[in-house]
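A short write-up of the structure that comes next.
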Amino acid sequence: MAPRTSRRGAERGAVRRRRLPMRYLLPSLILVALMAMLMLRGFVHSEILADHRVQSPAASDRVPKEILDGGPVIDTRNGREDSVHIPDHKLVLTFDDGPDPEWTPKVLDVLKRHDAHAVFFITGTMASRYPDLVQRMVDEGHEIGLHTFNHPDLSLQSKSRVDWELSQNQLALAGAAGIRTSLFRPPYSSFAGEMDNKSWPVTEYIGSRGYITIVNNTDSEDWRRPGVEKIISNATPKGGKGAIVLMHDSGGDRSQTVAALDRFVSGLQDDDYRFETLTAALKVPSAHTPVTGLDLWKGKAWVVAVQASENTTSVLVVGLAIIGALVIARFGLMLLLSVMHARKVRRRGFSWGRPITEPVSVLVPAYNEAKCIEQTVHSLVASDHPIEVIVIDDGSSDGTARIVENLRLPNVRVVRQLNAGKPAALNRGVANARYDLIVMMDGDTVFEPATVRELVQPFGDPSVGAVAGNAKVGNRDSLIGAWQHIEYVMGFNLDRRMYDMLNCMPTIPGAVGAFRRSALKRVGGMSDDTLAEDTDITIAMHRDGWRVVYAENARAWTEAPESVQQLWSQRYRWSYGTMQAIWKHRRAVIERGPSGRFGRVGMPLVSLFMILAPLLAPLIDVFLLYGLVFGPTEQTILAWFGVLAVQAICAAYAFRLDKERMTHLLSLPLQQILYRQLMYVVLLQSWITALTGGRLRWQKLRRTGAVGLPGAAGPGGATQQPEMDRRPVG
């Protein structure tokens with residue numbers, strides 16, 4: 001029995017392991033909800049499933065003569081073929097295509113002022129979006145008729161589509177006002193005499209569904225906007241006859257309709273005309289019947305869902321405007337300040353101060369770096385600056401320390417410790433370092449001979465406490481490596497030039513950075529409070545009053561992830577760690593001195609450009625996809641290419657500054673389509689982890705040891721390799 005119990009326990013454990021974590025489930029649910037809201041919004045704006053075709057005129061030989069010569073009220077219920085005229089001196093004002101948030105209230109105000117009533121033939125799309133106006137119509141004694149859900153020509157539709165248009169229109173009416181109606185006016189309808197062989201079968205079918213079809217016999221032609229006088233003339237019946245007058249309260253500028261309506265109603269009331277609803281004019285029971293029970297709740301739920309989609313879309317549009325402004329601002333600042341930075345550090349005679357020639361301690365924290373560590377150490381001993389190399393073995397189980405010791409290289413030491421994490425390893429290295437200038441790097445990174453020398457020269461300025469180097473992707477031959485190469489050169493190093501000029505550098509890359517020992521001591525050394533110890537220590541440096549600068553010629557070649565899973569793990573940690581660091585140092589916003597300056601300048605910029613902008617950036621792609629599918633397609637494509645062109649300009653300038661081959665930019669469009677989406681989801685997952693109080697642990701990524709010494713092979717003087725669990729750039 002024990003083995004069986006053990007198997008059941010293992011099965012239960014497997015089920016628990018397969019359970020989808022909230023940090024994966026919640027982003028998926030949010031994405032599905034947003035897409036559903038957008039689809040619903042497109043549906044009620046007639047952008048989805050709408051049919052704008054209009055039937056050409058046809059013969060009318062199959063339309064009964066009594067219909068063609070009859071009145072504007074057509075009853076085909078129960079097989080009848082009846083038509084009714086409006087009694088003399090009675091006018092039934094009808095308004096199509098509403099309700100409209102601008103013009104319908106003005107029409108209602110005019111009618112209320114003159115104690116006149118009308119029939120409003122509403123579309124389901126508009127009623128769903130503006131239910132309060134439908135309720136106002138009913139409350140003020142007007143009558144409601146259906147005008148389909150999204151205004152197709154029903155003579156081109158199947159019976160199932162006709163039924164759907166009617167039922168959806170009734171659903172919207174039930175949700176808006178709690179009623180249903182038996183009045184119907186087909187879109188694109190005219191006088192009864194214009195009925196033809198295409199529209200008559202639809203009228204018959206509508207009657208079989210229990211509806212009375214209402215056309216008109218007096219057309220104001222207000223949709224042409226011919227002027228107030230012409231609208232009044234067109235709408236006025238001759239000889240005191242009764243009429244159904246066609247007007248519109250939606251579909252464009254209806255200012256002429258509102259102005260004409262005021263004069264029209266008052267003038268004809270003086271001529272003893274009465275403006276009534278259709279059923280009141282014909283002295284028949286109201287066309288309205290209350291909706292109760294499940295049908296009422298379905299209608300209410302529909303209206304609530306539509307309102308939610310409208311509000312969600314409004315928020316998304318605001319978000320799109322914000323991200324657009326942030327993108328333009330970031331690109332503008334990057335280009336402007338990068339130009340200034342390049343001119344500053346590249347001008348003839350530029351110097352940070354006295355040349356730095358004293359020896360430097362280079363710390364290499366290493367955990368299971370057997371495949372990489374030999375190339376890393378060899379690249380360091382080839383340095384043209386005097387250095388000591390300290391490899392801190394953080395409890396490796398793959399013989400990393402033994403590999404380094406067997407090299408027997410001069411000025412290379414190994415310090416062993418039990419596994420305690422990268423910050424502890426770096427602090428251990430600082431404690432064992434002989435020199436006051438300390439360079440920190442990752443175990444999967446190789447330096448060029450001049451890297452250390454270039455990296456420490458800014459310490460000629462006594463106000464400089466730390467220096468960020470130029471981390472570059474060594475394994476860029478794969479597509480995912482090329483995309484990261486673009487990201488490093490443009491998104492990280494161009495950013496660093498901007499932040500350098502603003503004196504608010506957010507991150508010293510773990511792959512290549514340098515510190516004064518005294519500065520490290522003053523801020524308490526490397527901290528393990530966050531998963532982004534490089535961002536944490538950089539912000540701490542700023543708050544302590546030190547300058548943090550960028551050394552563009554201090555190049556380091558690092559391994560970038562070569563699989564989606566590794567990239568996900570790395571960027572997830574980066575994003576989450578950055579949020580932790582910003583939260584940890586949040587008091588800088590209200591403090592004085594250097595801390596307050598960074599808190600009120602650097603923290604907002606980092607939050608806007610590194611957290612908020614990437615979080616909102618998916619809106620660009622969401623609206624791109626929506627525009628491509630549902631239109632306007634051409635404008636959407638032009639807008640996307642416009643954004644891509646701006647990015648390409650920034651990327652080209654960044655590549656020129658870094659002396660990189662422009663051919664890698666050929667993959668930029670594909671990067672924007674595929675790679676960015678992964679980064680969006682990673683950032684969203686990080687937000688959710690933070691908001692739900694989740695904890696993220698370090699994930700060790702696989703090594704290949706493919707990044708070699710500069711000049712050995714591969715682009716930029718490096719061969720290829722996937723990335724590690726250290727953060728190469730901020």
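Residue numbering restarts at 1 for every chain of the structure tokens, chains are lettered A, B, ... in their displayed order, and ligands are numbered from 1 as they appear.
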
- Message: Report as a PyMOL selection string all protein, DNA and RNA residues lying within 8 Å of segment 304-306 of chain A, evaluated on only C-alpha atoms, omitting residues in the same chain fewer than 2 positions from it.
- Response: chain A and resi 40-41+44+128-129+300-302+308-310

- Please identify all polymer residues within 6 Å of Met441 of chain A, counting only C-alpha atoms, omitting same-chain residues fewer than 4 positions from it, and present them as a PyMOL selection string. chain A and resi 364+510-512

Please save N, CA, C and O atoms of the selected residues as a short mmCIF file (atom, residue, chain, number, x, y, z; two decimals), in the first residue's frame.
```cif
data_model
loop_
_atom_site.label_atom_id
_atom_site.label_comp_id
_atom_site.auth_asym_id
_atom_site.auth_seq_id
_atom_site.Cartn_x
_atom_site.Cartn_y
_atom_site.Cartn_z
N VAL A 364 35.67 39.44 -10.19
CA VAL A 364 34.87 38.59 -11.07
C VAL A 364 34.07 37.62 -10.21
O VAL A 364 34.56 36.56 -9.83
N GLY A 510 26.27 45.48 -14.64
CA GLY A 510 27.05 44.48 -13.91
C GLY A 510 28.17 43.90 -14.73
O GLY A 510 29.15 43.39 -14.18
N ALA A 511 28.06 43.99 -16.05
CA ALA A 511 29.09 43.42 -16.92
C ALA A 511 30.35 44.27 -16.95
O ALA A 511 31.44 43.75 -17.20
N VAL A 512 30.22 45.59 -16.73
CA VAL A 512 31.38 46.46 -16.84
C VAL A 512 31.11 47.76 -16.09
O VAL A 512 30.48 48.67 -16.60
#
```

- Task: Check the DSSP output for the backbone and give back, as a ChimeraX atom specification, the residues of segment 283-439 of chain A in helix (DSSP H, G or I).
- Result: /A:293-346,373-381,400-407,422-432

- Of the candidates A:Asp253, A:Glu448, A:Glu559, A:Glu634, which one gets nearest to Ala382 of chain A if we count only C-alpha atoms? A:Glu448

- Please provide as an MDAnalysis selection string all residues within 6 Å of Phe191 of chain A, with the sequence filter that same-chain residues fewer than 5 positions apart are discarded (counting only C-alpha atoms). chainID A and resid 215:217

- Please provide the set of residues having any atom within 7 Å of Ser220 of chain A, restricted to only C-alpha atoms, with same-chain residues fewer than 3 positions apart removed, written as a ChimeraX atom specification. /A:231,234-235,245-247

Please, could you write that set of residues out with C-alpha atoms as a PDB file, in the first residue's frame?
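part_15.pdb, written as the output of this step:
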```
ATOM      1  CA  ILE A 231     -35.566  72.069 -44.406  1.00  0.00           C
ATOM      2  CA  ASN A 234     -39.419  70.287 -47.357  1.00  0.00           C
ATOM      3  CA  ALA A 235     -40.954  69.203 -44.048  1.00  0.00           C
ATOM      4  CA  VAL A 245     -41.789  63.740 -41.371  1.00  0.00           C
ATOM      5  CA  LEU A 246     -38.277  62.335 -41.703  1.00  0.00           C
ATOM      6  CA  MET A 247     -35.463  64.101 -39.857  1.00  0.00           C
TER       7      MET A 247
END
```

- Message: If I take atom CA of Leu657 of chain A and atom CA of Leu670 of chain A, how far is one from the other in Å, to one decimal?
- Response: 22.9 Å

- Please, what distance in Å, to one decimal, runs between atom CA of Leu605 of chain A and atom CA of Val523 of chain A?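 Going from atom CA of Leu605 of chain A over to atom CA of Val523 of chain A covers 22.6 Å.
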
- Spatial neighbours of Val54 of chain A, max dist 9 Å, only C-alpha atoms, sep filter under 2 positions, as a VMD selection string: chain A and resid 51 to 52 56 152 to 156 188

Please produce a file of the residues just selected, as a compact mmCIF listing (two decimals), in the first residue's frame, where the atoms kept are C-alpha atoms.
```txt
# COMPACT_ATOMS: atom_id res chain seq x y z
CA ASP A 51 -22.09 45.96 -43.80
CA HIS A 52 -22.20 49.32 -45.56
CA SER A 56 -29.34 49.39 -56.28
CA PRO A 152 -27.16 47.67 -42.85
CA ASP A 153 -29.34 47.54 -45.96
CA LEU A 154 -31.56 44.60 -45.00
CA SER A 155 -32.36 43.75 -48.63
CA LEU A 156 -28.77 42.47 -48.86
CA TYR A 188 -32.15 53.55 -46.43
```

- Using DSSP on the backbone coordinates, identify the residues of segment 462-583 of chain A assigned to strand (DSSP E); present them as number ranges by chain. A: 464-473, 512-516, 547-558

- Residue neighbourhood segment 322-324 of chain A, 10 Å, only C-alpha atoms, exclusion window fewer than 3 positions, as a PyMOL selection string: chain A and resi 316-319+327-330+608-609+612-620+643

Output file for the residues above (N, CA, C and O atoms, as an mmCIF file, in the first residue's frame):
```cif
data_model
loop_
_atom_site.group_PDB
_atom_site.id
_atom_site.type_symbol
_atom_site.label_atom_id
_atom_site.label_comp_id
_atom_site.auth_asym_id
_atom_site.auth_seq_id
_atom_site.Cartn_x
_atom_site.Cartn_y
_atom_site.Cartn_z
ATOM 1 N N LEU A 316 -7.585 53.712 -22.681
ATOM 2 C CA LEU A 316 -6.519 53.254 -23.562
ATOM 3 C C LEU A 316 -6.061 54.365 -24.498
ATOM 4 O O LEU A 316 -4.863 54.491 -24.796
ATOM 5 N N VAL A 317 -7.001 55.160 -24.977
ATOM 6 C CA VAL A 317 -6.630 56.275 -25.861
ATOM 7 C C VAL A 317 -5.782 57.287 -25.108
ATOM 8 O O VAL A 317 -4.792 57.807 -25.633
ATOM 9 N N VAL A 318 -6.169 57.564 -23.855
ATOM 10 C CA VAL A 318 -5.347 58.458 -23.027
ATOM 11 C C VAL A 318 -3.963 57.853 -22.826
ATOM 12 O O VAL A 318 -2.936 58.543 -22.930
ATOM 13 N N GLY A 319 -3.943 56.541 -22.546
ATOM 14 C CA GLY A 319 -2.653 55.858 -22.396
ATOM 15 C C GLY A 319 -1.826 55.924 -23.655
ATOM 16 O O GLY A 319 -0.605 56.105 -23.606
ATOM 17 N N VAL A 327 7.356 58.532 -25.796
ATOM 18 C CA VAL A 327 8.257 58.034 -26.836
ATOM 19 C C VAL A 327 8.939 59.184 -27.549
ATOM 20 O O VAL A 327 10.167 59.190 -27.752
ATOM 21 N N ILE A 328 8.146 60.183 -27.935
ATOM 22 C CA ILE A 328 8.723 61.341 -28.634
ATOM 23 C C ILE A 328 9.700 62.080 -27.724
ATOM 24 O O ILE A 328 10.793 62.489 -28.152
ATOM 25 N N ALA A 329 9.294 62.255 -26.455
ATOM 26 C CA ALA A 329 10.172 62.963 -25.510
ATOM 27 C C ALA A 329 11.477 62.203 -25.312
ATOM 28 O O ALA A 329 12.562 62.809 -25.302
ATOM 29 N N ARG A 330 11.370 60.885 -25.149
ATOM 30 C CA ARG A 330 12.583 60.089 -24.928
ATOM 31 C C ARG A 330 13.495 60.136 -26.143
ATOM 32 O O ARG A 330 14.713 60.338 -26.012
ATOM 33 N N LEU A 608 9.374 56.960 -15.646
ATOM 34 C CA LEU A 608 8.637 57.215 -16.886
ATOM 35 C C LEU A 608 9.179 56.391 -18.042
ATOM 36 O O LEU A 608 8.424 55.740 -18.770
ATOM 37 N N PHE A 609 10.506 56.425 -18.220
ATOM 38 C CA PHE A 609 11.108 55.831 -19.415
ATOM 39 C C PHE A 609 11.397 54.340 -19.278
ATOM 40 O O PHE A 609 11.414 53.620 -20.278
ATOM 41 N N LEU A 612 7.011 53.034 -16.778
ATOM 42 C CA LEU A 612 5.690 53.407 -17.300
ATOM 43 C C LEU A 612 5.624 53.295 -18.814
ATOM 44 O O LEU A 612 4.674 52.715 -19.359
ATOM 45 N N ALA A 613 6.632 53.856 -19.510
ATOM 46 C CA ALA A 613 6.601 53.822 -20.978
ATOM 47 C C ALA A 613 6.585 52.392 -21.525
ATOM 48 O O ALA A 613 5.758 52.077 -22.379
ATOM 49 N N PRO A 614 7.465 51.504 -21.058
ATOM 50 C CA PRO A 614 7.375 50.121 -21.558
ATOM 51 C C PRO A 614 6.064 49.437 -21.198
ATOM 52 O O PRO A 614 5.581 48.596 -21.946
ATOM 53 N N LEU A 615 5.470 49.818 -20.050
ATOM 54 C CA LEU A 615 4.211 49.195 -19.659
ATOM 55 C C LEU A 615 3.076 49.629 -20.582
ATOM 56 O O LEU A 615 2.188 48.839 -20.905
ATOM 57 N N LEU A 616 3.100 50.909 -21.025
ATOM 58 C CA LEU A 616 2.039 51.423 -21.892
ATOM 59 C C LEU A 616 2.329 51.196 -23.367
ATOM 60 O O LEU A 616 1.410 51.280 -24.196
ATOM 61 N N ALA A 617 3.599 50.919 -23.695
ATOM 62 C CA ALA A 617 3.972 50.777 -25.104
ATOM 63 C C ALA A 617 3.170 49.739 -25.874
ATOM 64 O O ALA A 617 2.964 49.902 -27.084
ATOM 65 N N PRO A 618 2.681 48.653 -25.244
ATOM 66 C CA PRO A 618 1.877 47.692 -26.013
ATOM 67 C C PRO A 618 0.644 48.313 -26.656
ATOM 68 O O PRO A 618 0.111 47.757 -27.618
ATOM 69 N N LEU A 619 0.194 49.458 -26.127
ATOM 70 C CA LEU A 619 -0.981 50.096 -26.720
ATOM 71 C C LEU A 619 -0.737 50.458 -28.179
ATOM 72 O O LEU A 619 -1.661 50.425 -29.002
ATOM 73 N N ILE A 620 0.515 50.810 -28.502
ATOM 74 C CA ILE A 620 0.836 51.122 -29.893
ATOM 75 C C ILE A 620 0.548 49.912 -30.766
ATOM 76 O O ILE A 620 -0.077 50.024 -31.836
ATOM 77 N N VAL A 643 6.446 55.827 -36.674
ATOM 78 C CA VAL A 643 7.108 55.502 -35.406
ATOM 79 C C VAL A 643 8.380 54.697 -35.666
ATOM 80 O O VAL A 643 9.424 54.935 -35.043
#
```

- Task: Just the residues within 6 Å of segment 573-590 of chain A, please, counting only C-alpha atoms, with nothing from its chain fewer than 4 positions along; format it as number ranges by chain.
- Result: A: 530-532, 536, 595-596, 599-600, 683, 686

- Out of A:Ala59, A:Met662, A:Ala176, A:Ala482, which residue has the shortest atom-to-atom distance to Asn197 of chain A when counting only C-alpha atoms?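 Closest to Asn197 of chain A of all the choices is A:Ala59.
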
- Task: Can you work out the spacing between atom CA of Thr663 of chain A and atom CA of Phe623 of chain A in Å, to one decimal?
- Result: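 Rounded to one decimal, the two atoms are 29.4 Å apart.
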
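You can rank A:Thr292, A:Ser182, A:Thr94, A:Asn503 by their closest distance to Thr277 of chain A using only C-alpha atoms, and at the top of that list sits A:Thr94.
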
- Message: Could you check the closest approach to Asn150 of chain A for each of A:Met126, A:Ala259, A:Ala325, A:Ala287 and tell me which residue wins, using only C-alpha atoms?
- Response: A:Met126

- Query: Which is closer to Asp271 of chain A than all the others in A:Gly227, A:Gly239, A:Pro290, A:Gly299, using only C-alpha atoms?
  - Reply: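 Checking each of A:Gly227, A:Gly239, A:Pro290, A:Gly299 against Asp271 of chain A, counting only C-alpha atoms, the winner is A:Gly239.
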